[in-house]
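Inspection log for the structure reproduced underneath, given as structure tokens.
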Amino acid sequence: MIVECAATLDQPENPNDLRLIDVVLIGKRPDNLGLAVQLVELKRWSTVTRVEAATAELVRVPGMKDAKKHPAVQLREYYELFTGARGPLSGLTFECGGFAYLHNATDESVRPLTDLGAPTGAYARVYTNDGRDRLISDLRRHFAEEGGASAAEILIRGMNLRNTPLLDAMIMSRGEDTVFTLRGAQQQAAEDILDTASRILGDRKQPALVRDERRVVFLVTGGAGTGKSAIGLQVKAKLEAEGRTVKYASGSRAFNGAMQEHVGYGDREFKESFTYFSSFVTPPDPPLDVLICDEAHRLRDRSTNRFWQPQQQGTQPQVDELLDASRVTVFFLDESQTVRPNEVGTVRLIEDAAKRRGAELVRYKLREQFRCGGSDAYVRWVRAVLGLSEEEPEVWTPDGLMHIEVVDSPEELERIIRAEALAGASARMVAGYCWPWTKPQGEEKRLEADVRIRGWHRPWNADSEGFCENGAPPSKIWSVHPAGIDQIGCVYTAQGLEWDWCGLIMGDDMVRRDGRWVFRRGKERKDPETGVKRVLERGSFDPRVRVSSLTDDDFARCVRHAYHVLMTRASRATVLYSTDEETQTYLKDLVGEIQIHGLRPTWENLPPEARVSHLPRPRRGGSRSRKRKRRAQPGQKPLF
């Protein structure tokens with residue numbers, strides 16, 4: 001059962017114009033196990049009268065000012081859209097019908113809807129409370145007992161709610177021409193960037209006599225999972241295919257490291273295309289054609305590095321360095337993901353920088369999100385729970401797209417995450433930065449079990465550039481390396497990435513007290529025997545965030561944003577545990593009783609269509625032709 005299902009993949013400019021079917025029932029036919037669909041229009045009407053004696057296409061409903069369409073007329077419109085070329089099941093063979101259900105009415109009170117002159121067709125059946133048994137009997141005639149979950153997965157994928165993970169999509173495309181299919185505002189932004197680049201940069205084969213010296217800045221904002229990286233990588237691939245000079249910059253070592261490791265780029269090949277915000281202290285000469293800046297909320301005030309000589313340090317704002325580096329600059333930004341005090345990337349910062357440089361600024365805002373199983377309800381719930389929106393947090397209502405549960409111990413959380421990873425899902429454990437972080441010890445690079453909750457002790461991901469004892473991967477590839485399941489990640493190694501299942505340990509930096517969130521900075525002590533740092537007072541141990549120079553409001557903002565990032569890393573299920581008893585009770589109350597009904601998306605419970613294993617890492621450093629273009633195969637489903 002899909003509630004409020006879009007009748008078509010087309011995205012109207014005005015979200016209020018979106019055509020939503022109240023309910024779509026989908027399953028397998030009992031005779032041949034083919035796809036079967038029923039479109040349902042729900043009405044609370046108790047009585048109706050006809051507007052015209054000859055036809056029932058318009059009726060009057062007591063208490064409503066204007067005449068209303070017969071439900072079958074609405075269903076006819078939805079039927080034509082749903083079964084048309086832009087419907088979510090386009091290209092597939094399926095049986096489709098429809099009916100209206102008036103649960104407050106009796107057959108006699110809405111007789112005009114079924115009498116002579118009423119609309120007819122596969123979508124024109126009407127059931128009332130009197131006909132509930134007949135409705136159930138008819139549904140059993142339309143649908144087989146088994147196969148509903150498989151059929152639902154096909155529809156969900158057709159609606160683009162299940163998307164191929166970003167890194168898997170990059171493996172498919174190998175960076176030559178992407179397999180991302182952009183929609184709505186995503187496609188508009190990508191097309192405008194490419195069109196503008198073409199006009200500003202000119203024809204490479206026939207250069208203009210006078211070069212166009214204009215500079216253009218694109219600013220694309222949107223929350224987690226709105227497709228910002230998909231747009232950027234699509235634009236990058238197309239520009240490279242045209243022979244343009246383009247770089248893809250990020251402020252995240254974890255994102256770049258995961259991209260290189262998982263997609264299989266060689267070191268030289270990776271550096272040709274991907275880089276960091278801090279790489280442009282000295283601007284390239286000539287400037288790049290296009291510079292794409294992903295996760296621009298992680299921009300720093302200045303480009304600095306403790307290993308650089310004084311003359312190598314940046315002397316102007318980092319955003320100005322990026323604007324000087326190219327003729328067309330594209331920023332992708334989400335202000336709700338700033339997690340460090342020195343991350344200064346905001347809309348205002350980029351607007352002011354563009355104005356200083358005399359560059360034209362073009363803005364786009366992405367609203368539709370595709371992370372967290374495509375569940376807008378889950379994203380809104382997370383923001384309300386963390387106090388990042390004006391909405392009051394409510395008890396979570398399972399929606400079939402995203403699953404959440406609160407467990408009683410870290411042992412139980414680890415058992416769930418390991419079981420899913422072993423079964424074939426991607427899964428990781430992460431935590432708030434609430435314990436000291438010890439560097440690898442000794443020649444063997446032993447990892448200290450810093451994350452300690454009673455008798456349960458586990459190490460953070462390795463603070464190392466190379467592999468450590470027992471094959472523990474370096475932090476920049478922890479998120480994608482198989483051995484990463486043995487360590488606990490944090491916001492800095494998880495940001496920008498996703499897994500099927502994410503187990504999150506909330507520490508004592510953000511606890512619930514007297515109906516509000518309280519934020520705490522931790523204090524450490526040295527173990528007298530080992531010299532290893534341990535917790536003295538519980539709270540945040542993030543060295544960049546817990547400093548006394550940071551105001552309480554800024555400290556709270558960084559901690560909230562960190563947990564927002566960590567709670568939105570899963571595409572199917574989030575498992576929560578809090579080290580604080582009062583916070584644990586609060587989370588349990590908000591998540592409510594877990595009513596499974598087959599919806600818990602364990603690998604075992606998933607239908608075969610949903611068991612999509614993540615692609616193996618290809619051989620590193622394979623050859624790549626930038627000019628070769630690849631097209632998605634006919635019938636290939638959109639990924640973004």
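Ligands are numbered from 1 in the order shown, residues from 1 within each chain, and chains are lettered A, B, ... in the order they appear in the structure tokens.
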Quiz item: Contacts of segment 98-102 of chain A at 9 Å or less, counting only C-alpha atoms, minus same-chain residues fewer than 2 places along, as a PyMOL selection string?
Solution: chain A and resi 24+37-46+71-72+75-76+79+96+104-106+110+121-129+132+135
Practice problem: Report as a list of chain:residue names: the residues of segment 316-369 of chain A with a DSSP assignment of strand (DSSP E), based on the backbone of this structure. | Solution: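 Answer for segment 316-369 of chain A restricted to strand (DSSP E) is A:Ser326, A:Arg327, A:Val328, A:Thr329, A:Val330, A:Phe331, A:Phe332, A:Leu333, A:Glu360, A:Leu361, A:Val362, A:Arg363, A:Tyr364, A:Lys365, A:Leu366.
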For Gly424 of chain A, work out the shell of residues within 10 Å, counting only C-alpha atoms and skipping chain neighbours fewer than 4 positions away, then give it as a PDB file with all heavy atoms, in the first residue's frame.
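After the write, part11.pdb holds the following:
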```
ATOM      1  N   ALA A 419      25.111  -8.244  11.812  1.00  0.00           N
ATOM      2  CA  ALA A 419      24.272  -9.252  11.147  1.00  0.00           C
ATOM      3  C   ALA A 419      23.862  -8.780   9.755  1.00  0.00           C
ATOM      4  O   ALA A 419      23.881  -9.549   8.788  1.00  0.00           O
ATOM      5  CB  ALA A 419      23.042  -9.550  11.997  1.00  0.00           C
ATOM      6  N   GLU A 420      23.513  -7.494   9.638  1.00  0.00           N
ATOM      7  CA  GLU A 420      23.108  -6.971   8.334  1.00  0.00           C
ATOM      8  C   GLU A 420      24.289  -6.910   7.372  1.00  0.00           C
ATOM      9  O   GLU A 420      24.162  -7.208   6.188  1.00  0.00           O
ATOM     10  CB  GLU A 420      22.474  -5.584   8.493  1.00  0.00           C
ATOM     11  CG  GLU A 420      21.106  -5.622   9.145  1.00  0.00           C
ATOM     12  CD  GLU A 420      20.159  -6.575   8.439  1.00  0.00           C
ATOM     13  OE1 GLU A 420      19.978  -6.438   7.207  1.00  0.00           O
ATOM     14  OE2 GLU A 420      19.622  -7.478   9.097  1.00  0.00           O
ATOM     15  N   ASP A 500      23.086   1.156   4.008  1.00  0.00           N
ATOM     16  CA  ASP A 500      21.723   0.643   4.178  1.00  0.00           C
ATOM     17  C   ASP A 500      21.286   0.783   5.644  1.00  0.00           C
ATOM     18  O   ASP A 500      20.184   1.249   5.932  1.00  0.00           O
ATOM     19  CB  ASP A 500      21.650  -0.829   3.768  1.00  0.00           C
ATOM     20  CG  ASP A 500      21.965  -1.050   2.295  1.00  0.00           C
ATOM     21  OD1 ASP A 500      21.683  -0.138   1.489  1.00  0.00           O
ATOM     22  OD2 ASP A 500      22.496  -2.126   1.953  1.00  0.00           O
ATOM     23  N   THR A 602      15.380  -5.920   7.224  1.00  0.00           N
ATOM     24  CA  THR A 602      16.567  -6.764   7.292  1.00  0.00           C
ATOM     25  C   THR A 602      16.787  -7.394   5.921  1.00  0.00           C
ATOM     26  O   THR A 602      15.861  -7.526   5.116  1.00  0.00           O
ATOM     27  CB  THR A 602      16.398  -7.869   8.337  1.00  0.00           C
ATOM     28  OG1 THR A 602      15.287  -8.700   7.963  1.00  0.00           O
ATOM     29  CG2 THR A 602      16.151  -7.280   9.717  1.00  0.00           C
ATOM     30  N   TRP A 603      18.014  -7.785   5.658  1.00  0.00           N
ATOM     31  CA  TRP A 603      18.330  -8.409   4.373  1.00  0.00           C
ATOM     32  C   TRP A 603      17.449  -9.634   4.144  1.00  0.00           C
ATOM     33  O   TRP A 603      16.978  -9.892   3.036  1.00  0.00           O
ATOM     34  CB  TRP A 603      19.807  -8.791   4.362  1.00  0.00           C
ATOM     35  CG  TRP A 603      20.335  -9.130   3.007  1.00  0.00           C
ATOM     36  CD1 TRP A 603      20.529 -10.372   2.481  1.00  0.00           C
ATOM     37  CD2 TRP A 603      20.752  -8.205   1.992  1.00  0.00           C
ATOM     38  NE1 TRP A 603      21.042 -10.286   1.206  1.00  0.00           N
ATOM     39  CE2 TRP A 603      21.196  -8.960   0.877  1.00  0.00           C
ATOM     40  CE3 TRP A 603      20.798  -6.818   1.918  1.00  0.00           C
ATOM     41  CZ2 TRP A 603      21.665  -8.371  -0.290  1.00  0.00           C
ATOM     42  CZ3 TRP A 603      21.278  -6.232   0.749  1.00  0.00           C
ATOM     43  CH2 TRP A 603      21.700  -7.007  -0.336  1.00  0.00           C
ATOM     44  N   GLU A 604      17.189 -10.366   5.215  1.00  0.00           N
ATOM     45  CA  GLU A 604      16.367 -11.576   5.108  1.00  0.00           C
ATOM     46  C   GLU A 604      14.928 -11.239   4.758  1.00  0.00           C
ATOM     47  O   GLU A 604      14.271 -11.945   3.988  1.00  0.00           O
ATOM     48  CB  GLU A 604      16.413 -12.339   6.432  1.00  0.00           C
ATOM     49  CG  GLU A 604      15.618 -13.637   6.428  1.00  0.00           C
ATOM     50  CD  GLU A 604      15.664 -14.341   7.768  1.00  0.00           C
ATOM     51  OE1 GLU A 604      16.321 -13.821   8.699  1.00  0.00           O
ATOM     52  OE2 GLU A 604      15.052 -15.417   7.879  1.00  0.00           O
ATOM     53  N   ARG A 611      17.209  -6.794  -2.769  1.00  0.00           N
ATOM     54  CA  ARG A 611      18.522  -7.254  -2.290  1.00  0.00           C
ATOM     55  C   ARG A 611      19.591  -6.938  -3.336  1.00  0.00           C
ATOM     56  O   ARG A 611      20.043  -7.798  -4.081  1.00  0.00           O
ATOM     57  CB  ARG A 611      18.487  -8.744  -1.997  1.00  0.00           C
ATOM     58  CG  ARG A 611      17.585  -9.115  -0.826  1.00  0.00           C
ATOM     59  CD  ARG A 611      17.571 -10.620  -0.620  1.00  0.00           C
ATOM     60  NE  ARG A 611      16.474 -11.017   0.247  1.00  0.00           N
ATOM     61  CZ  ARG A 611      16.015 -12.255   0.345  1.00  0.00           C
ATOM     62  NH1 ARG A 611      16.569 -13.208  -0.394  1.00  0.00           N
ATOM     63  NH2 ARG A 611      15.014 -12.541   1.147  1.00  0.00           N
ATOM     64  N   VAL A 612      19.941  -5.668  -3.377  1.00  0.00           N
ATOM     65  CA  VAL A 612      20.941  -5.211  -4.353  1.00  0.00           C
ATOM     66  C   VAL A 612      22.275  -5.076  -3.629  1.00  0.00           C
ATOM     67  O   VAL A 612      22.479  -4.147  -2.843  1.00  0.00           O
ATOM     68  CB  VAL A 612      20.524  -3.869  -4.969  1.00  0.00           C
ATOM     69  CG1 VAL A 612      21.567  -3.408  -5.982  1.00  0.00           C
ATOM     70  CG2 VAL A 612      19.150  -3.988  -5.621  1.00  0.00           C
ATOM     71  N   SER A 613      23.169  -6.016  -3.879  1.00  0.00           N
ATOM     72  CA  SER A 613      24.481  -5.964  -3.229  1.00  0.00           C
ATOM     73  C   SER A 613      25.288  -4.801  -3.793  1.00  0.00           C
ATOM     74  O   SER A 613      25.159  -4.444  -4.967  1.00  0.00           O
ATOM     75  CB  SER A 613      25.243  -7.275  -3.451  1.00  0.00           C
ATOM     76  OG  SER A 613      24.558  -8.341  -2.842  1.00  0.00           O
ATOM     77  N   HIS A 614      26.118  -4.220  -2.956  1.00  0.00           N
ATOM     78  CA  HIS A 614      26.946  -3.114  -3.414  1.00  0.00           C
ATOM     79  C   HIS A 614      28.046  -3.634  -4.327  1.00  0.00           C
ATOM     80  O   HIS A 614      28.569  -4.737  -4.129  1.00  0.00           O
ATOM     81  CB  HIS A 614      27.513  -2.351  -2.222  1.00  0.00           C
ATOM     82  CG  HIS A 614      26.447  -1.619  -1.482  1.00  0.00           C
ATOM     83  ND1 HIS A 614      26.120  -0.316  -1.752  1.00  0.00           N
ATOM     84  CD2 HIS A 614      25.591  -2.026  -0.523  1.00  0.00           C
ATOM     85  CE1 HIS A 614      25.130   0.050  -0.966  1.00  0.00           C
ATOM     86  NE2 HIS A 614      24.789  -0.979  -0.222  1.00  0.00           N
TER      87      HIS A 614
END
```
Exercise. Report the residues of segment 297-514 of chain A whose backbone DSSP state falls under alpha helix (DSSP H), written as a PyMOL selection string.
Key: chain A and resi 318-324+347-356+376-385+410-423+491-494
Quick one: residues within 9 Å of segment 538-542 of chain A, only C-alpha atoms counted, chain neighbours fewer than 6 positions away excluded, as an mmCIF file with C-alpha atoms, in the first residue's frame?
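Result saved to result.cif:
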```
data_model
loop_
_atom_site.group_PDB
_atom_site.id
_atom_site.type_symbol
_atom_site.label_atom_id
_atom_site.label_comp_id
_atom_site.auth_asym_id
_atom_site.auth_seq_id
_atom_site.Cartn_x
_atom_site.Cartn_y
_atom_site.Cartn_z
ATOM 1 C CA GLY A 432 28.926 11.276 18.784
ATOM 2 C CA TYR A 433 32.450 12.527 19.530
ATOM 3 C CA CYS A 434 32.138 11.770 23.270
ATOM 4 C CA TRP A 435 35.341 9.864 24.039
ATOM 5 C CA PRO A 436 39.021 10.731 23.633
ATOM 6 C CA TRP A 437 40.580 9.575 20.364
ATOM 7 C CA GLY A 507 26.819 10.256 23.757
ATOM 8 C CA ASP A 508 26.614 12.676 26.665
ATOM 9 C CA ASP A 509 27.364 15.797 24.631
ATOM 10 C CA MET A 510 23.625 16.168 23.950
ATOM 11 C CA PHE A 519 24.822 20.372 25.662
ATOM 12 C CA ARG A 520 27.942 19.406 27.612
ATOM 13 C CA ARG A 521 31.711 19.651 27.112
ATOM 14 C CA GLY A 522 33.749 16.752 28.421
ATOM 15 C CA LYS A 523 36.931 16.626 30.457
ATOM 16 C CA GLU A 524 39.615 13.970 30.217
ATOM 17 C CA VAL A 559 26.623 19.263 18.152
#
```
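Counting only C-alpha atoms and comparing A:Ile2, A:Val246, A:Ala431, A:Ala241, the residue that lies closest to Glu153 of chain A is A:Ile2.
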Practice problem: Show which residues sit within 9 Å of Val532 of chain A, as an MDAnalysis selection string. Count only C-alpha atoms, and ignore same-chain residues fewer than 4 positions away. | Solution: chainID A and resid 436 438 448 450 525:528
Practice problem: Tell me which protein, DNA and RNA residues are within 7 Å of segment 400-404 of chain A, counting only C-alpha atoms, leaving out same-chain ones fewer than 2 positions away, and put them as number ranges by chain. | Solution: A: 372-375, 378, 398, 572-575, 599-600
Quiz prompt | Shell around Leu504 of chain A at 7 Å using only C-alpha atoms, local window under 2 positions removed, as an MDAnalysis selection string | solution = chainID A and resid 429:431 502 506 575:577
Could the residues in this selection be saved with N, CA, C and O atoms as a PDB file, in the first residue's frame?
```pdb
ATOM      1  N   MET A 429      28.712   1.432  12.202  1.00  0.00           N
ATOM      2  CA  MET A 429      28.412   2.001  13.505  1.00  0.00           C
ATOM      3  C   MET A 429      29.109   3.356  13.610  1.00  0.00           C
ATOM      4  O   MET A 429      30.280   3.492  13.252  1.00  0.00           O
ATOM      5  N   VAL A 430      28.366   4.351  14.110  1.00  0.00           N
ATOM      6  CA  VAL A 430      28.924   5.686  14.298  1.00  0.00           C
ATOM      7  C   VAL A 430      28.536   6.175  15.692  1.00  0.00           C
ATOM      8  O   VAL A 430      27.642   5.611  16.332  1.00  0.00           O
ATOM      9  N   ALA A 431      29.187   7.231  16.144  1.00  0.00           N
ATOM     10  CA  ALA A 431      28.892   7.751  17.485  1.00  0.00           C
ATOM     11  C   ALA A 431      29.188   9.237  17.531  1.00  0.00           C
ATOM     12  O   ALA A 431      29.973   9.770  16.737  1.00  0.00           O
ATOM     13  N   CYS A 502      22.518   2.064   9.618  1.00  0.00           N
ATOM     14  CA  CYS A 502      23.464   2.854  10.402  1.00  0.00           C
ATOM     15  C   CYS A 502      23.096   2.752  11.877  1.00  0.00           C
ATOM     16  O   CYS A 502      21.967   3.054  12.266  1.00  0.00           O
ATOM     17  N   MET A 506      24.416   7.826  20.581  1.00  0.00           N
ATOM     18  CA  MET A 506      24.385   9.213  21.033  1.00  0.00           C
ATOM     19  C   MET A 506      25.072   9.284  22.397  1.00  0.00           C
ATOM     20  O   MET A 506      24.707   8.549  23.322  1.00  0.00           O
ATOM     21  N   VAL A 575      19.489   2.603  13.734  1.00  0.00           N
ATOM     22  CA  VAL A 575      19.379   1.982  15.054  1.00  0.00           C
ATOM     23  C   VAL A 575      20.013   2.934  16.056  1.00  0.00           C
ATOM     24  O   VAL A 575      21.177   3.305  15.913  1.00  0.00           O
ATOM     25  N   LEU A 576      19.261   3.350  17.068  1.00  0.00           N
ATOM     26  CA  LEU A 576      19.722   4.351  18.026  1.00  0.00           C
ATOM     27  C   LEU A 576      19.977   3.741  19.402  1.00  0.00           C
ATOM     28  O   LEU A 576      19.272   2.828  19.835  1.00  0.00           O
ATOM     29  N   TYR A 577      20.999   4.289  20.068  1.00  0.00           N
ATOM     30  CA  TYR A 577      21.231   3.992  21.479  1.00  0.00           C
ATOM     31  C   TYR A 577      21.858   5.235  22.109  1.00  0.00           C
ATOM     32  O   TYR A 577      22.758   5.847  21.518  1.00  0.00           O
TER      33      TYR A 577
END
```
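Separating atom CA of Asp486 of chain A from atom CA of Ser464 of chain A is a distance of 15.3 Å.
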Quiz item: From the list A:Thr55, A:Ala67, A:Ala7, A:Ser578, which residue is nearest Glu80 of chain A when using only C-alpha atoms?
Solution: A:Ala7
Self-check item: From A:Pro543, A:Gly251, A:Gly184, A:Gly148, residue lying nearest Gln369 of chain A [only C-alpha atoms]
Solution: A:Gly184
